[in-house]
Each structure stands twice: as C-alpha cells, then as structure tokens.
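Text of my_file.cif, listed as mmCIF, C-alpha atoms:
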```
data_query
loop_
_atom_site.label_atom_id
_atom_site.label_comp_id
_atom_site.auth_asym_id
_atom_site.auth_seq_id
_atom_site.Cartn_x
_atom_site.Cartn_y
_atom_site.Cartn_z
CA MET A 75 232.07 -16.89 21.82
CA SER A 76 230.06 -19.81 23.09
CA ASN A 77 227.15 -19.31 20.69
CA PRO A 78 228.10 -20.86 17.34
CA ASP A 79 225.55 -18.89 15.36
CA THR A 80 226.43 -15.34 16.27
CA GLY A 81 224.66 -13.69 13.35
CA VAL A 82 225.38 -10.18 14.67
CA THR A 83 225.25 -7.50 11.98
CA ARG A 84 224.81 -4.34 14.01
CA SER A 85 225.85 -1.13 12.31
CA GLU A 86 228.49 -0.40 14.95
CA ALA A 87 230.54 -3.45 13.96
CA THR A 88 233.16 -3.02 11.25
CA GLY A 89 233.04 -4.92 7.97
CA VAL A 90 235.95 -7.10 9.07
CA THR A 91 234.22 -8.00 12.33
CA ARG A 92 231.00 -8.85 10.51
CA GLY A 93 232.99 -11.11 8.21
CA ILE A 94 234.56 -12.92 11.18
CA GLU A 95 231.16 -13.39 12.79
CA TRP A 96 229.78 -14.78 9.55
CA LEU A 97 232.69 -17.23 9.20
CA LEU A 98 232.01 -18.54 12.72
CA SER A 99 228.26 -18.87 12.14
CA VAL A 100 226.24 -21.85 10.96
CA ARG A 101 225.30 -19.99 7.78
CA SER A 102 228.88 -20.14 6.51
CA LEU A 103 229.17 -23.92 6.99
CA PRO A 104 228.28 -25.00 3.41
CA VAL A 105 230.73 -22.50 1.93
CA ARG A 106 233.49 -23.50 4.33
CA LEU A 107 233.05 -27.21 3.64
CA ALA A 108 233.05 -26.63 -0.12
CA VAL A 109 236.26 -24.57 0.05
CA LEU A 110 238.04 -27.06 2.35
CA LEU A 111 237.01 -30.03 0.20
CA ALA A 112 238.33 -28.26 -2.89
CA LEU A 113 241.63 -27.48 -1.13
CA ALA A 114 241.91 -31.04 0.16
CA ALA A 115 241.30 -32.44 -3.31
CA GLY A 116 243.97 -30.14 -4.72
CA CYS A 117 246.44 -31.23 -2.06
CA MET A 118 245.77 -34.91 -2.73
CA ILE A 119 245.92 -34.59 -6.51
CA TRP A 120 248.77 -32.15 -7.08
CA LEU A 121 250.78 -31.98 -3.83
CA THR A 122 250.63 -35.62 -2.69
CA GLU A 123 252.38 -38.37 -4.60
CA SER A 124 250.96 -41.88 -4.73
CA ALA A 125 247.97 -41.08 -2.51
CA THR A 126 246.15 -44.24 -1.47
CA VAL A 127 242.48 -44.78 -0.78
CA LEU A 128 243.27 -44.58 2.94
CA ASP A 129 244.92 -41.16 2.43
CA TRP A 130 241.80 -39.93 0.63
CA ALA A 131 239.51 -41.32 3.31
CA ILE A 132 241.48 -39.68 6.12
CA ALA A 133 241.55 -36.34 4.26
CA VAL A 134 237.80 -36.36 3.59
CA ALA A 135 237.06 -37.40 7.20
CA ALA A 136 239.23 -34.53 8.49
CA VAL A 137 237.41 -31.99 6.32
CA GLY A 138 234.08 -33.38 7.49
CA ALA A 139 235.22 -33.10 11.11
CA THR A 140 235.66 -29.35 10.67
CA ALA A 141 231.86 -29.05 10.47
CA ILE A 142 231.58 -30.20 14.07
CA ALA A 143 233.64 -27.18 15.15
CA VAL A 144 230.62 -24.94 14.65
CA TRP A 145 228.95 -26.60 17.65
CA ARG A 146 231.77 -28.53 19.40
CA PRO A 147 235.11 -26.89 18.60
CA LEU A 148 237.13 -28.77 21.23
CA GLU A 149 235.79 -32.17 20.18
CA ALA A 150 236.40 -31.29 16.52
CA SER A 151 240.00 -30.29 17.32
CA LEU A 152 240.69 -33.54 19.15
CA LEU A 153 239.08 -35.55 16.32
CA THR A 154 241.17 -33.91 13.58
CA THR A 155 244.28 -34.39 15.72
CA ALA A 156 243.43 -38.10 16.05
CA LEU A 157 242.96 -38.34 12.27
CA LEU A 158 246.34 -36.67 11.83
CA ALA A 159 247.95 -39.27 14.12
CA VAL A 160 246.28 -42.03 12.09
CA GLY A 161 247.60 -40.46 8.90
CA PHE A 162 251.09 -40.28 10.32
CA GLU A 163 250.93 -43.92 11.39
CA PHE A 164 249.17 -45.60 8.46
CA GLY A 165 249.27 -43.18 5.55
CA THR A 166 251.83 -43.68 2.85
CA THR A 167 252.51 -39.97 2.43
CA GLY A 168 252.40 -36.88 4.62
CA PRO A 169 248.69 -36.05 5.31
CA LEU A 170 248.86 -32.39 4.20
CA ALA A 171 245.08 -31.97 3.94
CA VAL A 172 244.64 -33.29 7.49
CA LYS A 173 247.29 -30.87 8.78
CA VAL A 174 245.40 -27.96 7.25
CA SER A 175 242.10 -29.18 8.72
CA ALA A 176 243.63 -29.55 12.19
CA ALA A 177 245.06 -26.02 12.00
CA VAL A 178 241.71 -24.57 10.84
CA VAL A 179 239.77 -26.25 13.66
CA LEU A 180 242.31 -25.17 16.29
CA THR A 181 242.04 -21.59 15.00
CA GLU A 182 238.26 -21.74 15.34
CA LEU A 183 238.57 -23.21 18.83
CA ALA A 184 240.85 -20.35 19.90
CA ALA A 185 238.48 -17.81 18.33
CA ARG A 186 235.46 -19.18 20.19
CA HIS A 187 237.00 -19.85 23.61
CA GLY A 188 239.63 -18.08 25.68
CA SER A 189 239.96 -20.54 28.57
CA TRP A 190 241.81 -23.86 28.83
CA ARG A 191 240.16 -25.46 25.80
CA PRO A 192 242.44 -23.98 23.10
CA TRP A 193 245.52 -24.98 25.10
CA LEU A 194 244.24 -28.54 25.43
CA GLY A 195 243.65 -28.72 21.68
CA ALA A 196 247.10 -27.26 20.99
CA ALA A 197 248.77 -29.71 23.40
CA ALA A 198 247.08 -32.65 21.69
CA LEU A 199 248.22 -31.41 18.27
CA VAL A 200 251.84 -30.97 19.51
CA CYS A 201 251.79 -34.51 20.88
CA ALA A 202 250.58 -35.86 17.52
CA TYR A 203 253.56 -34.21 15.79
CA LEU A 204 256.11 -35.27 18.43
CA LEU A 205 254.97 -38.90 18.30
CA HIS A 206 255.77 -38.91 14.58
CA ASP A 207 259.53 -38.40 14.32
CA ASP A 208 260.09 -36.88 10.89
CA GLY A 209 263.53 -35.32 10.40
CA GLY A 210 264.80 -35.26 13.95
CA LEU A 211 263.47 -33.97 17.25
CA GLY A 212 264.43 -30.35 16.59
CA ALA A 213 262.70 -30.17 13.21
CA THR A 214 259.68 -32.07 14.49
CA GLY A 215 259.39 -29.87 17.60
CA TYR A 216 259.66 -26.70 15.52
CA ARG A 217 256.99 -27.96 13.11
CA ALA A 218 254.74 -28.85 16.05
CA LEU A 219 255.11 -25.43 17.67
CA VAL A 220 254.41 -23.63 14.38
CA MET A 221 251.36 -25.74 13.50
CA ALA A 222 249.90 -25.32 17.01
CA GLY A 223 251.12 -21.82 17.87
CA VAL A 224 250.04 -20.00 14.71
CA PRO A 225 246.39 -21.14 14.99
CA LEU A 226 246.37 -20.12 18.65
CA LEU A 227 247.71 -16.67 17.74
CA ILE A 228 245.29 -16.11 14.86
CA GLY A 229 242.33 -17.41 16.86
CA GLY A 230 243.22 -15.15 19.79
CA LEU A 231 243.34 -12.13 17.50
CA LEU A 232 239.95 -13.02 16.02
CA ARG A 233 238.46 -13.47 19.49
CA GLY A 234 239.85 -10.13 20.59
CA ALA A 235 238.29 -8.40 17.58
CA LEU A 236 234.92 -10.00 18.31
CA GLU A 237 235.06 -9.07 22.00
CA SER A 238 235.97 -5.48 21.11
CA ALA A 239 233.02 -5.30 18.72
CA ALA A 240 230.72 -6.72 21.40
CA ARG A 241 231.92 -4.10 23.89
CA ALA A 242 231.38 -1.36 21.32
CA ARG A 243 227.85 -2.59 20.68
CA ARG A 244 227.06 -2.69 24.39
CA ALA A 245 228.44 0.82 24.82
CA ALA A 246 226.34 2.03 21.88
CA GLU A 247 223.23 0.37 23.34
CA GLU A 248 223.85 1.96 26.72
CA LEU A 249 224.37 5.33 25.04
CA GLY A 250 221.13 4.85 23.09
CA MET A 251 219.26 3.99 26.28
CA HIS A 252 220.76 7.04 27.98
CA ARG A 253 219.70 9.27 25.10
CA ALA A 254 216.23 7.73 25.09
CA ALA A 255 215.95 8.45 28.81
CA GLU A 256 217.03 12.05 28.21
CA VAL A 257 214.46 12.44 25.43
CA ALA A 258 211.74 10.95 27.65
CA ALA A 259 212.71 13.32 30.45
CA ALA A 260 212.63 16.28 28.06
CA ARG A 261 209.21 15.25 26.79
CA MET A 262 207.94 14.88 30.32
CA ALA A 263 209.22 18.34 31.18
CA GLU A 264 207.54 19.75 28.08
CA ARG A 265 204.28 17.97 28.93
CA THR A 266 204.42 19.43 32.42
CA ALA A 267 205.07 22.91 31.02
CA ILE A 268 202.13 22.60 28.60
CA ALA A 269 199.90 21.31 31.39
CA ARG A 270 200.90 24.27 33.55
CA GLU A 271 200.15 26.72 30.73
CA LEU A 272 196.78 25.08 30.06
CA HIS A 273 195.88 25.28 33.69
CA ASP A 274 197.14 28.83 34.22
CA LEU A 275 195.74 30.33 31.01
CA ILE A 276 192.81 28.44 29.51
CA ALA A 277 191.39 26.94 32.68
CA HIS A 278 191.68 30.31 34.42
CA HIS A 279 189.74 32.12 31.70
CA VAL A 280 187.11 29.40 31.43
CA SER A 281 186.68 29.40 35.21
CA SER A 282 186.26 33.16 35.12
CA THR A 283 183.63 32.86 32.38
CA VAL A 284 181.69 30.21 34.27
CA LEU A 285 181.80 32.31 37.41
CA ARG A 286 180.58 35.43 35.60
CA VAL A 287 177.75 33.54 33.91
CA GLY A 288 176.73 32.14 37.29
CA VAL A 289 176.66 35.63 38.74
CA ALA A 290 174.63 36.86 35.75
CA ARG A 291 172.04 34.12 36.31
CA HIS A 292 171.42 35.41 39.81
CA ALA A 293 171.84 39.11 39.00
CA ILE A 294 169.03 39.23 36.45
CA PRO A 295 166.22 37.13 37.89
CA GLU A 296 163.71 39.00 35.72
CA ALA A 297 165.39 37.80 32.49
CA SER A 298 163.23 36.01 29.95
CA PRO A 299 163.19 32.19 29.89
CA ALA A 300 165.08 32.18 26.59
CA VAL A 301 167.92 34.26 28.06
CA ARG A 302 168.07 32.14 31.20
CA GLU A 303 168.17 28.99 29.04
CA VAL A 304 171.14 30.37 27.10
CA LEU A 305 172.92 31.33 30.33
CA ASP A 306 172.25 27.90 31.82
CA ASP A 307 173.61 26.24 28.68
CA ILE A 308 176.76 28.41 28.74
CA HIS A 309 177.24 27.65 32.42
CA ALA A 310 176.86 23.88 31.89
CA SER A 311 179.14 23.88 28.85
CA GLY A 312 181.79 25.83 30.73
CA LYS A 313 181.72 23.37 33.62
CA GLU A 314 182.07 20.44 31.19
CA THR A 315 184.95 22.20 29.49
CA LEU A 316 186.69 22.68 32.82
CA ALA A 317 186.27 19.00 33.65
CA ASP A 318 187.74 17.99 30.29
CA LEU A 319 190.63 20.43 30.72
CA ARG A 320 191.45 19.00 34.13
CA LYS A 321 191.54 15.48 32.67
CA LEU A 322 193.71 16.69 29.79
CA VAL A 323 196.12 18.35 32.20
CA THR A 324 196.28 15.12 34.19
CA ILE A 325 197.12 13.11 31.08
CA LEU A 326 199.79 15.60 29.99
CA ARG A 327 201.43 15.36 33.41
CA ASP A 328 201.11 11.57 33.57
CA PRO A 329 201.39 9.78 30.17
CA ASP A 330 200.40 6.52 31.86
CA ALA A 331 196.94 7.99 32.20
CA ALA A 332 196.64 8.39 28.42
CA GLY A 333 194.54 5.26 28.19
CA GLU A 334 191.81 6.83 30.33
CA SER A 335 188.75 8.06 28.50
CA PHE A 336 186.97 11.36 29.10
CA VAL A 337 183.71 9.41 29.08
CA ALA A 338 183.01 6.00 30.57
CA PRO A 339 181.26 3.53 28.22
CA GLY A 340 178.32 3.39 30.63
CA ASP A 341 177.93 7.17 30.38
CA LEU A 342 178.25 7.36 26.59
CA LEU A 343 174.51 7.33 25.90
CA THR A 344 173.93 10.21 28.29
CA ALA A 345 176.85 12.18 26.80
CA ILE A 346 175.51 11.72 23.25
CA GLU A 347 171.98 12.71 24.28
CA THR A 348 173.39 15.82 25.98
CA ALA A 349 175.14 16.85 22.73
CA VAL A 350 171.93 16.22 20.76
CA LEU A 351 169.85 18.23 23.24
CA ARG A 352 172.27 21.15 23.07
CA THR A 353 171.99 21.21 19.26
CA ARG A 354 168.20 21.16 19.44
CA ARG A 355 168.25 24.14 21.78
CA LEU A 356 170.07 26.08 19.06
CA GLY A 357 167.10 25.61 16.73
CA ASN A 358 168.19 22.58 14.72
CA VAL A 359 166.11 19.43 14.33
CA VAL A 360 167.99 16.27 15.27
CA THR A 361 166.52 12.78 15.24
CA ASP A 362 168.62 10.13 16.93
CA GLU A 363 168.64 6.34 16.85
CA ILE A 364 171.09 5.21 19.52
CA GLY A 365 171.55 1.50 20.09
CA ASP A 366 173.12 -0.29 23.01
CA VAL A 367 176.56 1.31 23.25
CA ALA A 368 177.31 0.40 26.86
CA SER A 369 179.45 -2.57 25.76
CA VAL A 370 181.98 -0.60 23.67
CA ASP A 371 185.47 -0.04 25.04
CA ALA A 372 186.64 3.27 26.49
CA LEU A 373 188.61 4.44 23.44
CA SER A 374 185.71 3.69 21.08
CA ALA A 375 183.33 5.47 23.46
CA LEU A 376 185.49 8.59 23.43
CA THR A 377 185.76 8.45 19.63
CA LEU A 378 181.97 8.12 19.24
CA LEU A 379 181.43 11.11 21.50
CA ARG A 380 183.92 13.23 19.55
CA LEU A 381 182.29 12.17 16.26
CA THR A 382 178.92 13.24 17.62
CA GLN A 383 180.15 16.55 18.99
CA GLU A 384 182.11 17.52 15.87
CA GLY A 385 179.35 16.37 13.51
CA LEU A 386 176.60 18.26 15.31
CA ALA A 387 178.81 21.34 15.62
CA ASN A 388 179.23 21.28 11.83
CA VAL A 389 175.45 20.96 11.41
CA VAL A 390 174.96 24.13 13.45
CA GLU A 391 177.83 26.07 11.85
CA HIS A 392 177.48 25.05 8.21
CA GLY A 393 173.89 23.87 7.89
CA GLY A 394 172.09 27.03 8.83
CA PRO A 395 169.24 27.66 11.28
CA GLY A 396 166.86 25.32 9.48
CA ALA A 397 169.28 22.43 9.06
CA SER A 398 168.21 19.02 10.29
CA ALA A 399 170.21 15.91 11.02
CA ARG A 400 169.70 12.21 11.57
CA LEU A 401 172.10 10.50 13.97
CA VAL A 402 172.47 6.72 14.03
CA VAL A 403 174.81 4.88 16.41
CA ASP A 404 174.83 1.13 17.02
CA ALA A 405 177.24 -1.53 18.20
CA LEU A 406 175.76 -4.73 16.79
CA ASP A 407 178.58 -5.72 14.41
CA GLY A 408 181.41 -3.46 15.38
CA VAL A 409 180.56 0.17 16.08
CA HIS A 410 178.70 2.15 13.42
CA PHE A 411 178.24 5.91 13.34
CA LEU A 412 176.19 7.85 10.79
CA LEU A 413 175.20 11.51 10.74
CA ASP A 414 173.13 12.73 7.80
CA SER A 415 172.48 16.46 7.74
CA THR A 416 170.19 18.48 5.48
CA ILE A 417 171.29 22.00 4.61
CA SER A 418 168.51 24.56 4.64
CA ASN A 419 167.38 26.04 1.33
CA GLY A 420 169.36 29.05 0.24
CA HIS A 421 172.08 28.58 2.82
CA THR A 422 175.41 29.53 1.27
CA LYS A 423 177.95 28.73 3.97
CA SER A 424 180.87 26.50 3.09
CA ARG A 425 180.62 22.82 3.84
CA PRO A 426 182.55 21.30 6.76
CA SER A 427 186.29 20.99 6.31
CA GLY A 428 189.51 21.56 8.20
CA VAL A 429 191.38 20.16 11.16
CA GLY A 430 188.27 18.92 12.94
CA LEU A 431 187.49 16.29 10.32
CA ILE A 432 191.18 15.48 9.95
CA GLY A 433 191.42 14.83 13.67
CA LEU A 434 188.35 12.59 13.57
CA ALA A 435 189.79 10.60 10.67
CA GLU A 436 193.05 10.09 12.57
CA ARG A 437 191.18 8.93 15.68
CA VAL A 438 189.20 6.36 13.71
CA GLU A 439 192.22 5.12 11.74
CA LEU A 440 194.23 4.64 14.94
CA LEU A 441 191.51 2.27 16.13
CA GLY A 442 191.62 0.33 12.85
CA GLY A 443 188.31 1.69 11.56
CA SER A 444 187.11 3.52 8.45
CA PHE A 445 185.99 7.13 8.14
CA THR A 446 184.18 9.05 5.39
CA ALA A 447 182.95 12.63 5.26
CA GLY A 448 181.52 14.36 2.23
CA PRO A 449 178.51 15.86 0.49
CA SER A 450 175.31 13.86 0.08
CA ALA A 451 172.18 14.36 -2.00
CA THR A 452 170.59 16.59 0.63
CA GLY A 453 173.56 18.04 2.44
CA TRP A 454 176.42 16.41 4.29
CA ARG A 455 177.17 12.90 5.53
CA LEU A 456 179.59 11.81 8.22
CA ALA A 457 180.09 8.05 8.65
CA ALA A 458 182.52 5.86 10.57
CA HIS A 459 182.94 2.20 11.43
CA LEU A 460 185.05 0.86 14.28
CA PRO A 461 185.96 -2.80 14.65
CA GLY A 462 184.40 -4.66 17.53
CA ARG A 463 186.51 -4.21 20.67
CA ALA A 464 185.89 -5.73 24.07
CA SER A 465 185.24 -3.27 26.87
#
```

Would you write the structure of this file as structure tokens?
Amino acid sequence: MSNPDTGVTRSEATGVTRGIEWLLSVRSLPVRLAVLLALAAGCMIWLTESATVLDWAIAVAAVGATAIAVWRPLEASLLTTALLAVGFEFGTTGPLAVKVSAAVVLTELAARHGSWRPWLGAAALVCAYLLHDDGGLGATGYRALVMAGVPLLIGGLLRGALESAARARRAAEELGMHRAAEVAAARMAERTAIARELHDLIAHHVSSTVLRVGVARHAIPEASPAVREVLDDIHASGKETLADLRKLVTILRDPDAAGESFVAPGDLLTAIETAVLRTRRLGNVVTDEIGDVASVDALSALTLLRLTQEGLANVVEHGGPGASARLVVDALDGVHFLLDSTISNGHTKSRPSGVGLIGLAERVELLGGSFTAGPSATGWRLAAHLPGRAS
C-alpha cells in the first residue's frame, strides 16, 4: 500500500483487516510511538545492564525513526539499521530496543510494499548483524536471518490480507454498480410500461371525448350560446389535457426530460389567466393581481400554475356557486402566491382536503419553499412562498 493513511473502514472488510489498516495509518502514530517508547524504556531499565547515555540516545532515536515509516518506510528501515550498526559499534551493551525498532519498521515496509524495497531493507539489516560478530559466524548468521526473515514474513502476510480486502471491496462495488444498473433498467422498463398504458388508455379516451365534443359542436348549430360555451370549454380543456398527457408520457419514457416544465415561464401569465377565466365561466367571481412572473424559473412556474389550478378547483368544488376568490401572485422578493376564497352563505360542503393539497405541499417543499392551507375568517386561504430562483 503506497498510501500511508489508508483509513478504509468499509463494511466488507473484516475486523482484523480494519485493525491492520488502522495500524498502518497516520491516526495510529501517537499510540504506536507511546507503546514503542514504553517498551524501549522497559528494555533499557530491566533488560539492559549498565545502559549508558549513548545507549539511551540510540534507543530513543530508533523509536523516533519508526514514525518516518508512515510516510517513508524504506528510509525509516535504513535509518534504524544504521542506528543498530552504531549501537553495535559504540554501545556498551546489546541494543535490544533498537533491534525491536528495526524489526517493526521492516515489517511495516514489507506490509506497504511488495517490490524490491523490503528485500533491500532486509539485506541492509542482515549486513548490520554480520558486521557485528557476536558468538561466531553461524550464530550471527542465524540471528540475522531470523531478525530479517520474520519481519518479511509477517509483513507479507499483512500485505496479502490488505490486498484481499481491497479486492473484496472492489468486487462488492462492482456488484453494487451492477445491481444499480439492473434496478435502473427495471425502473426504465416500468416507466415505459406506464407510459404505454397512459397513452393507450387515458389518452385514447380523452381523444375520443374531444373528438365527440367537436362533432357535437358542429352537429347542433342551433344550440344556445351557453351550451356552445360549455362545449367549447370542454373541447379546449380536453386538448390541453392531451397536451399535458403527451408531455407526461415523454417524461416517463425519458427521465432526462424530467426537468422540462409543462409551461414556459414566459407563458405562465397566460396559463394563469386561462385558469381564472375558466373559473369565472363557471359562475364564480375571481379577482386577480398578477405581477411580473416572466422571470421565474421553469420549476417555479409549473408549481405556480398547479397552485392556481388546484386552488381555483377547490373554490368551485367546495365554495359553492356564489363563492368568490382573490388571487395574488408576485415575484418581487422570491415568489409569493395567495388565494383567498369566500364561501357562500349557507354552503355546507366540506372544506378542501386530500391528496391535492398534499401534492402541492410536497411540490413547494421540494423547491425549498413554505406552504399553508387552512380556514380563514371568510372561507379558505391557500398561501405559498418560493425562494428566488434564477430562470
């Protein structure tokens, strides 16, 4: 592992592997230094006789050199080996603490690298032992092989465990990506199926209704103006519904088109006035104060239109024939929407509630705005505020 601060704690890794990664990370450095200093002090106090100031200095320097192994393991290995050679040459006793430090650093070097670097560090450590003849060539050579070979073996095992964990994580990530792709494909297939059903069922019936109303308009030319006005309104509403359905089908088939609005910001004023005019034709009195809304973004424009349509539909359904409403929309400081309705005297229908208002609240909240709907002194109030968004 070339990165000293691995810090990998993915759930696929075992507890042992996570412990190894932590030991090789920068975060473990204070703990490691404290433990090694305590062990070195114990070696010098209880296991080393007549330790001199030089012995202490070499031992502390060797422990300090182990910190470099987090970033430069090869350099740290060569430095501790050099300190061991100095201890052999000038120390009055065997530098046990330095031997332990050299073995620890060589283990870390073998755990981090699998190329020539661990072998170079091991060769340098063997040379340091062989240059200090202590008990004959055979004993010295055996000691050198043990002190260099065991760290190489342990470090290789640690590196193998880390590489296995890394492979397992990569395999799990690839599997997750594959599953995500399968889910996305399944969702796309479901979207396509829904779009097909919408087109084959709803759009077909709406098209049939629009066609029949168009035929009726021409079949009864002697109809009264009121009847013709109703037929014209049904015909226009049906055509608008078909246009919205086609856009919805397009979005279901192509999620990338989800950002498109059913109404362009420049057409918002006209769309709101059309909804107001339709409500007036049904016998309700609606006064509107519409500011400059051409600068709002597409999502806010669509939300404002849906607020207007749902609010006015509730005025017609729940307010009664004599209900009136005041609609205020402006975009001076953010986007403000207000619809105050007055319920006619003696009207007993229930007040607006249900999925329509819930859907409006979700739309507004998704845009980071606020939404309120509830009874007022004269009837019902619907209000919303959307944060200012660039178009």

Which residues match the PyMOL selection byres ((chain A and resi 197) around 12) in the file above, as JSON, numbers by chain?
-> {"A": [148, 151, 152, 155, 180, 190, 191, 192, 193, 194, 195, 196, 198, 199, 200, 201, 202, 203, 204, 218, 219, 221, 222, 223, 226]}

Find the spatial neighbours of region 401-418 of chain A, counting all atoms listed in the file, within a cut-off of 7 Å - ignore same-chain residues fewer than 4 positions away - and output them as JSON, numbers by chain.
-> {"A": [361, 362, 363, 364, 365, 366, 367, 385, 389, 393, 394, 396, 397, 452, 453, 454, 455, 456, 457, 458, 459, 460, 461, 462]}

Could you name the residues that touch Gly234 (chain A) at 12 Å or less, counting only C-alpha atoms, but leaving out those on the same chain fewer than 4 positions away, as a list in words?
-> Met75, Thr91, Ile94, Ala184, Ala185, Arg186, His187, Gly188, Leu227, Ile228, Gly229, Gly230, Ser238, Ala239, Ala240 and Arg241 of chain A

Spell out the residues picked by the PyMOL selection byres ((chain A and resi 376-378) around 9) here, as a list in words.
->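 Applied to this file, the PyMOL selection byres ((chain A and resi 376-378) around 9) returns Ser335, Phe336, Val337, Ala338, Pro339, Leu342, Ile346, Asp371, Ala372, Leu373, Ser374, Ala375, Leu379, Arg380, Leu381, Thr382, Gln383, Val403, Val409, His410, Phe411, Leu434, Arg437, Val438 and Ala458 of chain A.
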
Output file for the selection above: C-alpha atoms, as a CSV table (one decimal), in the coordinates of the input:
```
chain,number,residue,atom,x,y,z
A,335,SER,CA,188.8,8.1,28.5
A,336,PHE,CA,187.0,11.4,29.1
A,337,VAL,CA,183.7,9.4,29.1
A,338,ALA,CA,183.0,6.0,30.6
A,339,PRO,CA,181.3,3.5,28.2
A,342,LEU,CA,178.2,7.4,26.6
A,346,ILE,CA,175.5,11.7,23.2
A,371,ASP,CA,185.5,0.0,25.0
A,372,ALA,CA,186.6,3.3,26.5
A,373,LEU,CA,188.6,4.4,23.4
A,374,SER,CA,185.7,3.7,21.1
A,375,ALA,CA,183.3,5.5,23.5
A,379,LEU,CA,181.4,11.1,21.5
A,380,ARG,CA,183.9,13.2,19.6
A,381,LEU,CA,182.3,12.2,16.3
A,382,THR,CA,178.9,13.2,17.6
A,383,GLN,CA,180.2,16.6,19.0
A,403,VAL,CA,174.8,4.9,16.4
A,409,VAL,CA,180.6,0.2,16.1
A,410,HIS,CA,178.7,2.2,13.4
A,411,PHE,CA,178.2,5.9,13.3
A,434,LEU,CA,188.4,12.6,13.6
A,437,ARG,CA,191.2,8.9,15.7
A,438,VAL,CA,189.2,6.4,13.7
A,458,ALA,CA,182.5,5.9,10.6
```

Given the PyMOL selection byres ((chain A and resi 117) around 12), the residues it picks as an MDAnalysis selection string | chainID A and resid 110:116 118:125 129:130 133:134 167:175

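Atom pair CA of Val360 (chain A) / CA of Glu384 (chain A) has a distance of 14.2 Å (rounded to one decimal).
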
So what do you get for CA of Gly161 (chain A) versus CA of Val137 (chain A), distance-wise?
-> 13.5 Å

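For the pair CA of Glu391 (chain A) and CA of Arg355 (chain A), the separation is 13.9 Å.
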
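The shortest atom-to-atom distance to Leu183 (chain A), with only C-alpha atoms taken into account, belongs to A:Val144 out of A:Val144, A:Ala435, A:Ala139, A:Ile294.
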